[in-house]
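Novice: Have a look at this one before I ask anything.
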Amino acid sequence: MRALSVPLVTIAISGCSMMGVIPAKEAGPYPENYKERVAGYIDQAYKDPGSLKSVSISQPIPYRIFDDIGYIVCFKANAKNSYGGYTGVKTQQIMLEPDNTWNTGGTNGCEQANYQPWPEMEQRDS
């Protein structure tokens, strides 16, 4: 049993580096247009993007999720559901790669994000 403990520890430790904040130089060019890209995602993913309330957004954070390397942007918003009722403020984490923008399905990197109000998202038509 003792011989197995070293490889298992090595696997566990190396797995930790597969996801998380990375140095900016490893993440590629800073996405100056991050708000436009996240707004585009919102327009496609939300049923009524013009109804968002209490919207805030973080600045991009250099991040790695397994083989995907880029920047995550976190945003919080209160959105309407299919019945027209507001669901409460929820957090979303968006990965920005040079050629791709996608929802990570998690919020692990968002706990360290500094959010700023994003009133432009509350004052637009869908």
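Each chain in the structure tokens gets a letter, A, B and so on, in the order shown; residues start at 1 in every chain, and ligands are counted from 1 in the order they appear.
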Give me, as a list in words, all polymer residues having an atom no more than 12 Å from Gln123 of chain A, counting only C-alpha atoms and skipping those fewer than 6 positions away in the same chain.
Specialist: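 Once the adjacent positions are removed, what remains is Pro49, Gly50, Ser51, Leu52, Lys53, Ser54 and Val55 of chain A.
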Novice: Go ahead and dump the residues you just picked, C-alpha atoms, as a PDB file, in the first residue's frame.
Specialist:
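Final output, again20.pdb:
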```
ATOM      1  CA  PRO A  49     -31.649  40.434 -21.568  1.00  0.00           C
ATOM      2  CA  GLY A  50     -33.238  43.898 -21.499  1.00  0.00           C
ATOM      3  CA  SER A  51     -34.880  43.120 -18.151  1.00  0.00           C
ATOM      4  CA  LEU A  52     -31.666  42.651 -16.149  1.00  0.00           C
ATOM      5  CA  LYS A  53     -31.444  44.457 -12.806  1.00  0.00           C
ATOM      6  CA  SER A  54     -28.686  44.889 -10.213  1.00  0.00           C
ATOM      7  CA  VAL A  55     -25.971  44.118 -12.760  1.00  0.00           C
TER       8      VAL A  55
END
```
Novice: Wanna dump the segment 17-44 of chain A-segment 71-75 of chain A contacts at 10 Å for me, each residue with its shortest atom pair and the distance in Å to one decimal, counting only C-alpha atoms, ordered by chain and number, as JSON lines?
Specialist:
```
{"residue": "A:Gly20", "atom": "CA", "partner": "A:Ile72", "partner_atom": "CA", "distance": 9.9}
{"residue": "A:Val21", "atom": "CA", "partner": "A:Tyr71", "partner_atom": "CA", "distance": 8.9}
{"residue": "A:Ile22", "atom": "CA", "partner": "A:Tyr71", "partner_atom": "CA", "distance": 9.3}
{"residue": "A:Ala24", "atom": "CA", "partner": "A:Tyr71", "partner_atom": "CA", "distance": 8.7}
{"residue": "A:Ala27", "atom": "CA", "partner": "A:Tyr71", "partner_atom": "CA", "distance": 6.5}
{"residue": "A:Gly28", "atom": "CA", "partner": "A:Tyr71", "partner_atom": "CA", "distance": 8.5}
{"residue": "A:Pro29", "atom": "CA", "partner": "A:Tyr71", "partner_atom": "CA", "distance": 9.2}
{"residue": "A:Tyr30", "atom": "CA", "partner": "A:Tyr71", "partner_atom": "CA", "distance": 7.8}
{"residue": "A:Pro31", "atom": "CA", "partner": "A:Tyr71", "partner_atom": "CA", "distance": 7.7}
{"residue": "A:Tyr34", "atom": "CA", "partner": "A:Val73", "partner_atom": "CA", "distance": 7.7}
{"residue": "A:Lys35", "atom": "CA", "partner": "A:Val73", "partner_atom": "CA", "distance": 8.8}
{"residue": "A:Arg37", "atom": "CA", "partner": "A:Val73", "partner_atom": "CA", "distance": 9.9}
{"residue": "A:Val38", "atom": "CA", "partner": "A:Val73", "partner_atom": "CA", "distance": 7.8}
```
Novice: So that I can see what lies close to Lys47 of chain A, please list as an MDAnalysis selection string the residues with an atom at most 12 Å from it, counting only C-alpha atoms and leaving out residues fewer than 4 positions away in the same chain.
Specialist: chainID A and resid 41:43 51:52 79:84 126
Novice: Got a sec: who's within 8 Å of Lys90 of chain A, counting only C-alpha atoms, leaving out chain neighbours fewer than 2 positions off, as a list of chain:residue names?
Specialist: A:Lys76, A:Ala77, A:Asn78, A:Thr87, A:Gly88, A:Gln92
Novice: Generate the output file for the selected residues, N, CA and C atoms, as a PDB file, in the first residue's frame.
Specialist:
```pdb
ATOM      1  N   LYS A  76     -22.810  39.568 -12.078  1.00  0.00           N
ATOM      2  CA  LYS A  76     -23.977  39.263 -11.253  1.00  0.00           C
ATOM      3  C   LYS A  76     -25.155  40.030 -11.823  1.00  0.00           C
ATOM      4  N   ALA A  77     -26.313  39.380 -11.818  1.00  0.00           N
ATOM      5  CA  ALA A  77     -27.507  40.042 -12.330  1.00  0.00           C
ATOM      6  C   ALA A  77     -28.752  39.358 -11.777  1.00  0.00           C
ATOM      7  N   ASN A  78     -29.803  40.128 -11.684  1.00  0.00           N
ATOM      8  CA  ASN A  78     -31.124  39.623 -11.354  1.00  0.00           C
ATOM      9  C   ASN A  78     -31.890  39.598 -12.670  1.00  0.00           C
ATOM     10  N   THR A  87     -35.521  36.190 -10.510  1.00  0.00           N
ATOM     11  CA  THR A  87     -34.979  35.009  -9.829  1.00  0.00           C
ATOM     12  C   THR A  87     -34.056  35.341  -8.665  1.00  0.00           C
ATOM     13  N   GLY A  88     -33.687  36.600  -8.509  1.00  0.00           N
ATOM     14  CA  GLY A  88     -32.689  36.970  -7.517  1.00  0.00           C
ATOM     15  C   GLY A  88     -31.321  37.067  -8.182  1.00  0.00           C
ATOM     16  N   GLN A  92     -22.527  34.541 -12.713  1.00  0.00           N
ATOM     17  CA  GLN A  92     -22.109  33.775 -13.887  1.00  0.00           C
ATOM     18  C   GLN A  92     -20.621  34.019 -14.110  1.00  0.00           C
TER      19      GLN A  92
END
```
Novice: Determine which residues of chain A receive a DSSP assignment of strand (DSSP E or B), computed from the backbone, and state them as number ranges by chain.
Specialist: A: 19-21, 53-58, 61-65, 68-80, 86-97, 100-103, 115-117
Novice: May I have all residues of chain A that DSSP, computed from the backbone, assigns to helix (DSSP H, G or I), given as a count of residues only?
Specialist: 42
Novice: Nearest to Tyr63 of chain A among A:Pro23, A:Gly85, A:Pro119, A:Pro98, with distances taken over only C-alpha atoms: which residue is it?
Specialist: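 Of A:Pro23, A:Gly85, A:Pro119, A:Pro98, the one nearest Tyr63 of chain A is A:Pro23, counting only C-alpha atoms.
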Novice: Go through A:Arg124, A:Tyr46, A:Pro60, A:Gln116 and flag the residue nearest Leu96 of chain A, using only C-alpha atoms for the distances.
Specialist: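 Looking at the shortest contact to Leu96 of chain A, the residue is A:Pro60.
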Novice: For Asn33 of chain A, which of A:Cys110, A:Gly105, A:Asp68, A:Glu97 is the closest residue, counting only C-alpha atoms?
Specialist: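 Of A:Cys110, A:Gly105, A:Asp68, A:Glu97, the one nearest Asn33 of chain A, counting only C-alpha atoms, is A:Glu97.
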